[in-house]
Amino acid sequence: MFVHAVTVEEGSLRLDQPVELKVDHARRRAIRANHSATHLLHEALRQVLGDHVAQKGSLVSPERLRFDISHPKPIEAQEMARVEDIANAVLLQNEPVVTKLMAVDDAIASGARALFGEKYGEEVRVVSMGLPAGEGAKAFSVELCGGTHAGRTGDIGAITIVSDSAVGAGVRRIEALTADAARRHRADEARTLAALAGILKAPASEAPDRLASLMEDRRRLEKELAEARKKLAMGGGDATGVDAPREVAGVRLMARVVEGVEMRDLKSLADEGKTRLGSGIVAIVGVAPDGKAGLVVGVTEDLTGRFDAVALVRAGSEALGGKGGGGRRDMAQAGGPNGANGQAALDAIQAAMAAA
């Protein structure tokens, strides 16, 4: 029984009313191409990745194809290129796509691949594509399938894989395009590469290496800039006018407000300050470009019995509009939204030291 779900756009339907059905041939042709390409890619993936590859679900639409396979890790770029090359080589053979009705046991015995979990009747449809690899061998792809397919492999036009992603443990999702969609995708990629090459002022073939070199230079410069900012922050002279350690309750205190330093670097600055002091307390407020602040307090080991970095950082956090803080007696950190109150946070820490 064939059942059609329809939407009545005008008029009405009644029982026993004759209707005329028309296939959207452009849409059907695109679906056929994507479905046949799925079969070719499935077999190509098995040849490149191994016999463990099995289809775990698929989507065939006029615009694209998508199917999931069993594979434990990401597919490498060179592996994907080989898969695409193999599938397109079979496509270019332009051999007829052959379908046969066979008893299910005979079909399996002939080497046809069945999808795990599918239920088959006594008679099945076997779809074969591509020339055999040698005398006595079966066709490139032979699967049990009841769906619509291209008349010849050349009707697929072209196959382009556009993505590989993980959708679960041991399951990868492949998405691909065929025919005009594949051509347009490749054309868009070529235009993008040409634009990138123009920006880099390099031939397209050299653009990836040139971009990688620029990215490496940027990472190096960012690292050097971060180190320079850290040295400037700890080298005396900052926005607060605090140049040297002061003495509070008989203990040396290095207290600074710094800008342009990554929040993740505040702890290393505090460690450096503790090393410089030898014995003392370091309090550093780092103000971010968005006005928020991070606060780190470090206490040298000889003073942890008298001062607790966690208690001191919490005292400073209140001035920054934060809620507490945490860490160890020798190193603690906190934060708050009011970076403009950085000096007030340092004053609060100094007061807490004096009261200890």
# chains A, B, ... in the order shown; residues from 1 in each chain; ligands from 1
>>> select_by_dssp(residues="stretch 191-269 of chain A", states="strand (DSSP E or B)", output="list in words")
Arg246, Glu247, Val248, Val251, Arg252, Leu253, Met254, Ala255, Arg256, Val257, Val258 and Glu259 of chain A
>>> select_by_dssp(residues="stretch 30-204 of chain A", states="alpha helix (DSSP H)", output="PDB file with N, CA and C atoms, in the first residue's frame")
ATOM      1  N   ALA A  30      17.584  15.234  -7.579  1.00  0.00           N
ATOM      2  CA  ALA A  30      18.550  15.600  -6.546  1.00  0.00           C
ATOM      3  C   ALA A  30      18.573  14.559  -5.432  1.00  0.00           C
ATOM      4  N   ILE A  31      17.407  14.048  -5.059  1.00  0.00           N
ATOM      5  CA  ILE A  31      17.343  13.013  -4.026  1.00  0.00           C
ATOM      6  C   ILE A  31      18.048  11.746  -4.503  1.00  0.00           C
ATOM      7  N   ARG A  32      17.825  11.384  -5.765  1.00  0.00           N
ATOM      8  CA  ARG A  32      18.475  10.192  -6.311  1.00  0.00           C
ATOM      9  C   ARG A  32      19.997  10.328  -6.264  1.00  0.00           C
ATOM     10  N   ALA A  33      20.484  11.487  -6.656  1.00  0.00           N
ATOM     11  CA  ALA A  33      21.935  11.700  -6.656  1.00  0.00           C
ATOM     12  C   ALA A  33      22.501  11.575  -5.247  1.00  0.00           C
ATOM     13  N   ASN A  34      21.836  12.192  -4.284  1.00  0.00           N
ATOM     14  CA  ASN A  34      22.332  12.146  -2.906  1.00  0.00           C
ATOM     15  C   ASN A  34      22.232  10.741  -2.313  1.00  0.00           C
ATOM     16  N   HIS A  35      21.180  10.004  -2.683  1.00  0.00           N
ATOM     17  CA  HIS A  35      21.044   8.643  -2.161  1.00  0.00           C
ATOM     18  C   HIS A  35      22.118   7.716  -2.743  1.00  0.00           C
ATOM     19  N   SER A  36      22.332   7.801  -4.034  1.00  0.00           N
ATOM     20  CA  SER A  36      23.362   6.958  -4.656  1.00  0.00           C
ATOM     21  C   SER A  36      24.750   7.316  -4.140  1.00  0.00           C
ATOM     22  N   ALA A  37      24.984   8.626  -3.907  1.00  0.00           N
ATOM     23  CA  ALA A  37      26.271   9.052  -3.364  1.00  0.00           C
ATOM     24  C   ALA A  37      26.490   8.483  -1.966  1.00  0.00           C
ATOM     25  N   THR A  38      25.421   8.344  -1.196  1.00  0.00           N
ATOM     26  CA  THR A  38      25.536   7.748   0.139  1.00  0.00           C
ATOM     27  C   THR A  38      26.097   6.337   0.051  1.00  0.00           C
ATOM     28  N   HIS A  39      25.605   5.550  -0.910  1.00  0.00           N
ATOM     29  CA  HIS A  39      26.099   4.183  -1.094  1.00  0.00           C
ATOM     30  C   HIS A  39      27.586   4.183  -1.462  1.00  0.00           C
ATOM     31  N   LEU A  40      27.976   5.057  -2.381  1.00  0.00           N
ATOM     32  CA  LEU A  40      29.371   5.099  -2.805  1.00  0.00           C
ATOM     33  C   LEU A  40      30.287   5.531  -1.657  1.00  0.00           C
ATOM     34  N   LEU A  41      29.861   6.536  -0.896  1.00  0.00           N
ATOM     35  CA  LEU A  41      30.675   6.996   0.221  1.00  0.00           C
ATOM     36  C   LEU A  41      30.782   5.935   1.309  1.00  0.00           C
ATOM     37  N   HIS A  42      29.692   5.215   1.531  1.00  0.00           N
ATOM     38  CA  HIS A  42      29.697   4.158   2.551  1.00  0.00           C
ATOM     39  C   HIS A  42      30.777   3.120   2.235  1.00  0.00           C
ATOM     40  N   GLU A  43      30.818   2.670   0.997  1.00  0.00           N
ATOM     41  CA  GLU A  43      31.810   1.660   0.615  1.00  0.00           C
ATOM     42  C   GLU A  43      33.220   2.257   0.609  1.00  0.00           C
ATOM     43  N   ALA A  44      33.363   3.502   0.150  1.00  0.00           N
ATOM     44  CA  ALA A  44      34.681   4.140   0.150  1.00  0.00           C
ATOM     45  C   ALA A  44      35.210   4.294   1.573  1.00  0.00           C
ATOM     46  N   LEU A  45      34.343   4.626   2.505  1.00  0.00           N
ATOM     47  CA  LEU A  45      34.755   4.743   3.902  1.00  0.00           C
ATOM     48  C   LEU A  45      35.207   3.399   4.459  1.00  0.00           C
ATOM     49  N   ARG A  46      34.521   2.338   4.080  1.00  0.00           N
ATOM     50  CA  ARG A  46      34.926   1.003   4.522  1.00  0.00           C
ATOM     51  C   ARG A  46      36.316   0.661   3.986  1.00  0.00           C
ATOM     52  N   GLN A  47      36.559   1.004   2.743  1.00  0.00           N
ATOM     53  CA  GLN A  47      37.856   0.684   2.146  1.00  0.00           C
ATOM     54  C   GLN A  47      38.990   1.479   2.784  1.00  0.00           C
ATOM     55  N   VAL A  48      38.714   2.724   3.163  1.00  0.00           N
ATOM     56  CA  VAL A  48      39.769   3.580   3.726  1.00  0.00           C
ATOM     57  C   VAL A  48      39.930   3.364   5.231  1.00  0.00           C
ATOM     58  N   LEU A  49      38.824   3.273   5.958  1.00  0.00           N
ATOM     59  CA  LEU A  49      38.883   3.212   7.424  1.00  0.00           C
ATOM     60  C   LEU A  49      38.878   1.799   7.973  1.00  0.00           C
ATOM     61  N   ALA A  77      42.266  14.367   7.574  1.00  0.00           N
ATOM     62  CA  ALA A  77      42.038  15.064   6.303  1.00  0.00           C
ATOM     63  C   ALA A  77      42.463  14.222   5.108  1.00  0.00           C
ATOM     64  N   GLN A  78      43.613  13.538   5.218  1.00  0.00           N
ATOM     65  CA  GLN A  78      44.067  12.726   4.088  1.00  0.00           C
ATOM     66  C   GLN A  78      43.174  11.508   3.879  1.00  0.00           C
ATOM     67  N   GLU A  79      42.616  10.977   4.956  1.00  0.00           N
ATOM     68  CA  GLU A  79      41.669   9.862   4.829  1.00  0.00           C
ATOM     69  C   GLU A  79      40.398  10.329   4.135  1.00  0.00           C
ATOM     70  N   MET A  80      39.915  11.509   4.511  1.00  0.00           N
ATOM     71  CA  MET A  80      38.697  12.030   3.886  1.00  0.00           C
ATOM     72  C   MET A  80      38.931  12.306   2.411  1.00  0.00           C
ATOM     73  N   ALA A  81      40.118  12.800   2.067  1.00  0.00           N
ATOM     74  CA  ALA A  81      40.434  13.057   0.661  1.00  0.00           C
ATOM     75  C   ALA A  81      40.434  11.754  -0.141  1.00  0.00           C
ATOM     76  N   ARG A  82      40.974  10.688   0.445  1.00  0.00           N
ATOM     77  CA  ARG A  82      40.981   9.386  -0.247  1.00  0.00           C
ATOM     78  C   ARG A  82      39.561   8.867  -0.438  1.00  0.00           C
ATOM     79  N   VAL A  83      38.723   9.025   0.577  1.00  0.00           N
ATOM     80  CA  VAL A  83      37.318   8.590   0.475  1.00  0.00           C
ATOM     81  C   VAL A  83      36.635   9.323  -0.670  1.00  0.00           C
ATOM     82  N   GLU A  84      36.822  10.629  -0.716  1.00  0.00           N
ATOM     83  CA  GLU A  84      36.191  11.442  -1.756  1.00  0.00           C
ATOM     84  C   GLU A  84      36.712  11.056  -3.140  1.00  0.00           C
ATOM     85  N   ASP A  85      38.023  10.820  -3.243  1.00  0.00           N
ATOM     86  CA  ASP A  85      38.610  10.436  -4.529  1.00  0.00           C
ATOM     87  C   ASP A  85      38.063   9.091  -5.007  1.00  0.00           C
ATOM     88  N   ILE A  86      37.967   8.122  -4.105  1.00  0.00           N
ATOM     89  CA  ILE A  86      37.468   6.790  -4.487  1.00  0.00           C
ATOM     90  C   ILE A  86      36.029   6.874  -4.961  1.00  0.00           C
ATOM     91  N   ALA A  87      35.183   7.596  -4.192  1.00  0.00           N
ATOM     92  CA  ALA A  87      33.774   7.707  -4.557  1.00  0.00           C
ATOM     93  C   ALA A  87      33.605   8.405  -5.903  1.00  0.00           C
ATOM     94  N   ASN A  88      34.368   9.462  -6.145  1.00  0.00           N
ATOM     95  CA  ASN A  88      34.248  10.179  -7.413  1.00  0.00           C
ATOM     96  C   ASN A  88      34.816   9.381  -8.581  1.00  0.00           C
ATOM     97  N   ALA A  89      35.813   8.539  -8.321  1.00  0.00           N
ATOM     98  CA  ALA A  89      36.344   7.692  -9.389  1.00  0.00           C
ATOM     99  C   ALA A  89      35.281   6.708  -9.865  1.00  0.00           C
ATOM    100  N   VAL A  90      34.529   6.142  -8.937  1.00  0.00           N
ATOM    101  CA  VAL A  90      33.439   5.236  -9.319  1.00  0.00           C
ATOM    102  C   VAL A  90      32.338   6.013 -10.033  1.00  0.00           C
ATOM    103  N   LEU A  91      32.056   7.216  -9.538  1.00  0.00           N
ATOM    104  CA  LEU A  91      31.059   8.074 -10.185  1.00  0.00           C
ATOM    105  C   LEU A  91      31.420   8.289 -11.661  1.00  0.00           C
ATOM    106  N   LEU A  92      32.700   8.567 -11.936  1.00  0.00           N
ATOM    107  CA  LEU A  92      33.133   8.878 -13.297  1.00  0.00           C
ATOM    108  C   LEU A  92      33.113   7.675 -14.232  1.00  0.00           C
ATOM    109  N   GLN A  93      32.980   6.480 -13.678  1.00  0.00           N
ATOM    110  CA  GLN A  93      32.817   5.310 -14.548  1.00  0.00           C
ATOM    111  C   GLN A  93      31.513   5.398 -15.345  1.00  0.00           C
ATOM    112  N   VAL A 104      16.133 -12.885   0.240  1.00  0.00           N
ATOM    113  CA  VAL A 104      17.028 -12.220   1.175  1.00  0.00           C
ATOM    114  C   VAL A 104      18.266 -13.070   1.467  1.00  0.00           C
ATOM    115  N   ASP A 105      18.099 -14.381   1.610  1.00  0.00           N
ATOM    116  CA  ASP A 105      19.256 -15.239   1.895  1.00  0.00           C
ATOM    117  C   ASP A 105      20.221 -15.257   0.721  1.00  0.00           C
ATOM    118  N   ASP A 106      19.664 -15.287  -0.508  1.00  0.00           N
ATOM    119  CA  ASP A 106      20.522 -15.273  -1.701  1.00  0.00           C
ATOM    120  C   ASP A 106      21.268 -13.951  -1.821  1.00  0.00           C
ATOM    121  N   ALA A 107      20.582 -12.869  -1.468  1.00  0.00           N
ATOM    122  CA  ALA A 107      21.206 -11.553  -1.552  1.00  0.00           C
ATOM    123  C   ALA A 107      22.377 -11.438  -0.582  1.00  0.00           C
ATOM    124  N   ILE A 108      22.192 -11.886   0.645  1.00  0.00           N
ATOM    125  CA  ILE A 108      23.267 -11.832   1.636  1.00  0.00           C
ATOM    126  C   ILE A 108      24.417 -12.729   1.211  1.00  0.00           C
ATOM    127  N   ALA A 109      24.083 -13.931   0.672  1.00  0.00           N
ATOM    128  CA  ALA A 109      25.123 -14.865   0.237  1.00  0.00           C
ATOM    129  C   ALA A 109      25.936 -14.300  -0.921  1.00  0.00           C
ATOM    130  N   ALA A 179      26.272  17.043  -7.245  1.00  0.00           N
ATOM    131  CA  ALA A 179      25.806  17.794  -8.418  1.00  0.00           C
ATOM    132  C   ALA A 179      26.056  19.295  -8.268  1.00  0.00           C
ATOM    133  N   ASP A 180      25.036  20.123  -8.569  1.00  0.00           N
ATOM    134  CA  ASP A 180      25.213  21.574  -8.556  1.00  0.00           C
ATOM    135  C   ASP A 180      25.589  22.098  -7.176  1.00  0.00           C
ATOM    136  N   ALA A 181      25.029  21.487  -6.117  1.00  0.00           N
ATOM    137  CA  ALA A 181      25.354  21.939  -4.763  1.00  0.00           C
ATOM    138  C   ALA A 181      26.834  21.728  -4.470  1.00  0.00           C
ATOM    139  N   ALA A 182      27.392  20.601  -4.930  1.00  0.00           N
ATOM    140  CA  ALA A 182      28.817  20.340  -4.748  1.00  0.00           C
ATOM    141  C   ALA A 182      29.656  21.340  -5.545  1.00  0.00           C
ATOM    142  N   ARG A 183      29.242  21.611  -6.773  1.00  0.00           N
ATOM    143  CA  ARG A 183      29.977  22.565  -7.612  1.00  0.00           C
ATOM    144  C   ARG A 183      29.966  23.949  -6.986  1.00  0.00           C
ATOM    145  N   ARG A 184      28.800  24.390  -6.504  1.00  0.00           N
ATOM    146  CA  ARG A 184      28.708  25.720  -5.888  1.00  0.00           C
ATOM    147  C   ARG A 184      29.559  25.801  -4.625  1.00  0.00           C
ATOM    148  N   HIS A 185      29.565  24.718  -3.853  1.00  0.00           N
ATOM    149  CA  HIS A 185      30.376  24.694  -2.629  1.00  0.00           C
ATOM    150  C   HIS A 185      31.855  24.846  -2.960  1.00  0.00           C
ATOM    151  N   ARG A 186      32.325  24.086  -3.959  1.00  0.00           N
ATOM    152  CA  ARG A 186      33.731  24.181  -4.361  1.00  0.00           C
ATOM    153  C   ARG A 186      34.053  25.570  -4.915  1.00  0.00           C
ATOM    154  N   ALA A 187      33.110  26.146  -5.663  1.00  0.00           N
ATOM    155  CA  ALA A 187      33.338  27.484  -6.212  1.00  0.00           C
ATOM    156  C   ALA A 187      33.435  28.519  -5.092  1.00  0.00           C
ATOM    157  N   ASP A 188      32.574  28.389  -4.086  1.00  0.00           N
ATOM    158  CA  ASP A 188      32.626  29.309  -2.944  1.00  0.00           C
ATOM    159  C   ASP A 188      33.956  29.180  -2.203  1.00  0.00           C
ATOM    160  N   GLU A 189      34.414  27.932  -2.025  1.00  0.00           N
ATOM    161  CA  GLU A 189      35.696  27.720  -1.355  1.00  0.00           C
ATOM    162  C   GLU A 189      36.841  28.336  -2.159  1.00  0.00           C
ATOM    163  N   ALA A 190      36.777  28.192  -3.491  1.00  0.00           N
ATOM    164  CA  ALA A 190      37.826  28.751  -4.344  1.00  0.00           C
ATOM    165  C   ALA A 190      37.845  30.272  -4.248  1.00  0.00           C
ATOM    166  N   ARG A 191      36.670  30.890  -4.213  1.00  0.00           N
ATOM    167  CA  ARG A 191      36.613  32.353  -4.091  1.00  0.00           C
ATOM    168  C   ARG A 191      37.147  32.808  -2.728  1.00  0.00           C
ATOM    169  N   THR A 192      36.799  32.054  -1.696  1.00  0.00           N
ATOM    170  CA  THR A 192      37.300  32.390  -0.362  1.00  0.00           C
ATOM    171  C   THR A 192      38.819  32.296  -0.315  1.00  0.00           C
ATOM    172  N   LEU A 193      39.373  31.229  -0.897  1.00  0.00           N
ATOM    173  CA  LEU A 193      40.822  31.060  -0.921  1.00  0.00           C
ATOM    174  C   LEU A 193      41.488  32.173  -1.715  1.00  0.00           C
ATOM    175  N   ALA A 194      40.884  32.547  -2.835  1.00  0.00           N
ATOM    176  CA  ALA A 194      41.451  33.624  -3.646  1.00  0.00           C
ATOM    177  C   ALA A 194      41.457  34.943  -2.876  1.00  0.00           C
ATOM    178  N   ALA A 195      40.362  35.203  -2.138  1.00  0.00           N
ATOM    179  CA  ALA A 195      40.299  36.436  -1.347  1.00  0.00           C
ATOM    180  C   ALA A 195      41.359  36.423  -0.245  1.00  0.00           C
ATOM    181  N   LEU A 196      41.505  35.268   0.411  1.00  0.00           N
ATOM    182  CA  LEU A 196      42.512  35.136   1.458  1.00  0.00           C
ATOM    183  C   LEU A 196      43.919  35.331   0.901  1.00  0.00           C
ATOM    184  N   ALA A 197      44.178  34.723  -0.260  1.00  0.00           N
ATOM    185  CA  ALA A 197      45.492  34.876  -0.891  1.00  0.00           C
ATOM    186  C   ALA A 197      45.757  36.338  -1.234  1.00  0.00           C
ATOM    187  N   GLY A 198      44.704  37.049  -1.670  1.00  0.00           N
ATOM    188  CA  GLY A 198      44.861  38.465  -1.976  1.00  0.00           C
ATOM    189  C   GLY A 198      45.223  39.279  -0.747  1.00  0.00           C
ATOM    190  N   ILE A 199      44.568  38.979   0.376  1.00  0.00           N
ATOM    191  CA  ILE A 199      44.869  39.692   1.618  1.00  0.00           C
ATOM    192  C   ILE A 199      46.300  39.417   2.069  1.00  0.00           C
ATOM    193  N   LEU A 200      46.722  38.153   1.914  1.00  0.00           N
ATOM    194  CA  LEU A 200      48.070  37.761   2.347  1.00  0.00           C
ATOM    195  C   LEU A 200      49.142  38.134   1.333  1.00  0.00           C
TER     196      LEU A 200
END
>>> closest_residue(among="A:Ile349, A:Ala207, A:Leu225, A:Ala212", to="A:Met254", atoms="only C-alpha atoms")
A:Ile349
>>> closest_residue(among="A:Glu9, A:Glu76, A:Glu143, A:Glu259", to="A:Val98", atoms="only C-alpha atoms")
A:Glu143
>>> residues_around(residues="A:Val299", least_positions_apart="4", cutoff="8 Å", atoms="only C-alpha atoms", output="count of residues only")
12
>>> closest_residue(among="A:Val287, A:Leu13, A:Val310, A:Ala270", to="A:Val257", atoms="only C-alpha atoms")
A:Val287
>>> closest_residue(among="A:Ile174, A:Met353, A:Ala5, A:Leu214", to="A:Thr160", atoms="only C-alpha atoms")
A:Ile174
>>> atom_distance(atom1="atom CA of A:Gly278", atom2="atom CA of A:Glu227")
22.1 Å
>>> atom_distance(atom1="atom CA of A:Arg256", atom2="atom CA of A:Ala283")
6.5 Å
>>> decode(residues="stretch 199-291 of chain A", atoms="C-alpha atoms", output="short mmCIF file (atom, residue, chain, number, x, y, z; two decimals), in the first residue's frame")
data_model
loop_
_atom_site.label_atom_id
_atom_site.label_comp_id
_atom_site.auth_asym_id
_atom_site.auth_seq_id
_atom_site.Cartn_x
_atom_site.Cartn_y
_atom_site.Cartn_z
CA ILE A 199 44.87 39.69 1.62
CA LEU A 200 48.07 37.76 2.35
CA LYS A 201 49.62 38.90 -0.95
CA ALA A 202 50.66 35.33 -1.72
CA PRO A 203 49.79 32.71 -4.34
CA ALA A 204 46.81 30.58 -3.34
CA SER A 205 49.07 27.52 -3.00
CA GLU A 206 51.17 29.36 -0.40
CA ALA A 207 48.29 30.95 1.51
CA PRO A 208 47.93 28.22 4.19
CA ASP A 209 51.63 28.29 5.09
CA ARG A 210 51.69 32.09 5.04
CA LEU A 211 48.66 32.26 7.34
CA ALA A 212 50.14 29.65 9.70
CA SER A 213 53.34 31.71 9.88
CA LEU A 214 51.40 34.88 10.68
CA MET A 215 49.41 33.11 13.39
CA GLU A 216 52.63 31.81 14.94
CA ASP A 217 54.09 35.33 14.85
CA ARG A 218 50.98 36.67 16.53
CA ARG A 219 51.14 34.07 19.31
CA ARG A 220 54.81 34.90 19.88
CA LEU A 221 54.14 38.66 19.97
CA GLU A 222 51.18 38.20 22.32
CA LYS A 223 53.38 36.17 24.65
CA GLU A 224 56.14 38.79 24.52
CA LEU A 225 53.59 41.56 25.14
CA ALA A 226 52.14 39.71 28.12
CA GLU A 227 55.62 39.26 29.59
CA ALA A 228 56.42 42.95 29.02
CA ARG A 229 53.20 43.99 30.75
CA LYS A 230 53.98 41.72 33.69
CA LYS A 231 57.47 43.20 34.02
CA LEU A 232 56.08 46.72 33.78
CA ALA A 233 53.45 45.91 36.40
CA MET A 234 56.05 44.64 38.85
CA GLY A 235 58.85 47.03 37.93
CA GLY A 236 57.61 49.99 39.98
CA GLY A 237 55.54 52.93 38.85
CA ASP A 238 51.86 52.17 38.21
CA ALA A 239 48.55 53.98 38.09
CA THR A 240 48.28 54.05 41.91
CA GLY A 241 51.64 55.70 42.54
CA VAL A 242 52.74 52.80 44.75
CA ASP A 243 56.39 52.21 43.89
CA ALA A 244 57.87 50.24 46.73
CA PRO A 245 56.77 47.89 49.49
CA ARG A 246 55.49 49.54 52.64
CA GLU A 247 55.57 48.23 56.20
CA VAL A 248 52.28 47.33 57.88
CA ALA A 249 52.17 45.80 61.37
CA GLY A 250 55.87 45.06 61.08
CA VAL A 251 55.40 43.19 57.78
CA ARG A 252 56.39 44.30 54.29
CA LEU A 253 53.39 44.75 51.96
CA MET A 254 53.68 45.02 48.18
CA ALA A 255 50.33 46.37 46.97
CA ARG A 256 49.63 47.28 43.36
CA VAL A 257 46.82 47.96 40.90
CA VAL A 258 47.78 46.82 37.40
CA GLU A 259 46.13 47.06 33.99
CA GLY A 260 46.77 45.24 30.74
CA VAL A 261 47.64 41.98 32.51
CA GLU A 262 45.62 38.81 31.93
CA MET A 263 43.70 37.69 35.00
CA ARG A 264 45.30 34.26 34.75
CA ASP A 265 48.73 35.89 35.19
CA LEU A 266 47.96 37.54 38.53
CA LYS A 267 49.05 34.50 40.54
CA SER A 268 52.42 34.35 38.81
CA LEU A 269 52.86 38.08 39.56
CA ALA A 270 52.08 37.41 43.21
CA ASP A 271 54.60 34.55 43.28
CA GLU A 272 57.21 36.85 41.75
CA GLY A 273 56.42 39.50 44.35
CA LYS A 274 56.80 36.99 47.20
CA THR A 275 60.19 35.98 45.80
CA ARG A 276 61.30 39.62 45.68
CA LEU A 277 60.15 40.31 49.21
CA GLY A 278 61.57 37.15 50.73
CA SER A 279 59.24 37.75 53.66
CA GLY A 280 56.01 39.70 53.32
CA ILE A 281 52.60 39.93 51.71
CA VAL A 282 51.73 40.72 48.09
CA ALA A 283 48.32 42.09 47.06
CA ILE A 284 47.61 42.71 43.37
CA VAL A 285 44.43 44.03 41.78
CA GLY A 286 44.19 43.46 38.03
CA VAL A 287 41.70 45.65 36.18
CA ALA A 288 40.29 44.23 32.94
CA PRO A 289 39.26 46.35 29.90
CA ASP A 290 35.57 45.82 30.79
CA GLY A 291 36.11 47.40 34.23
#
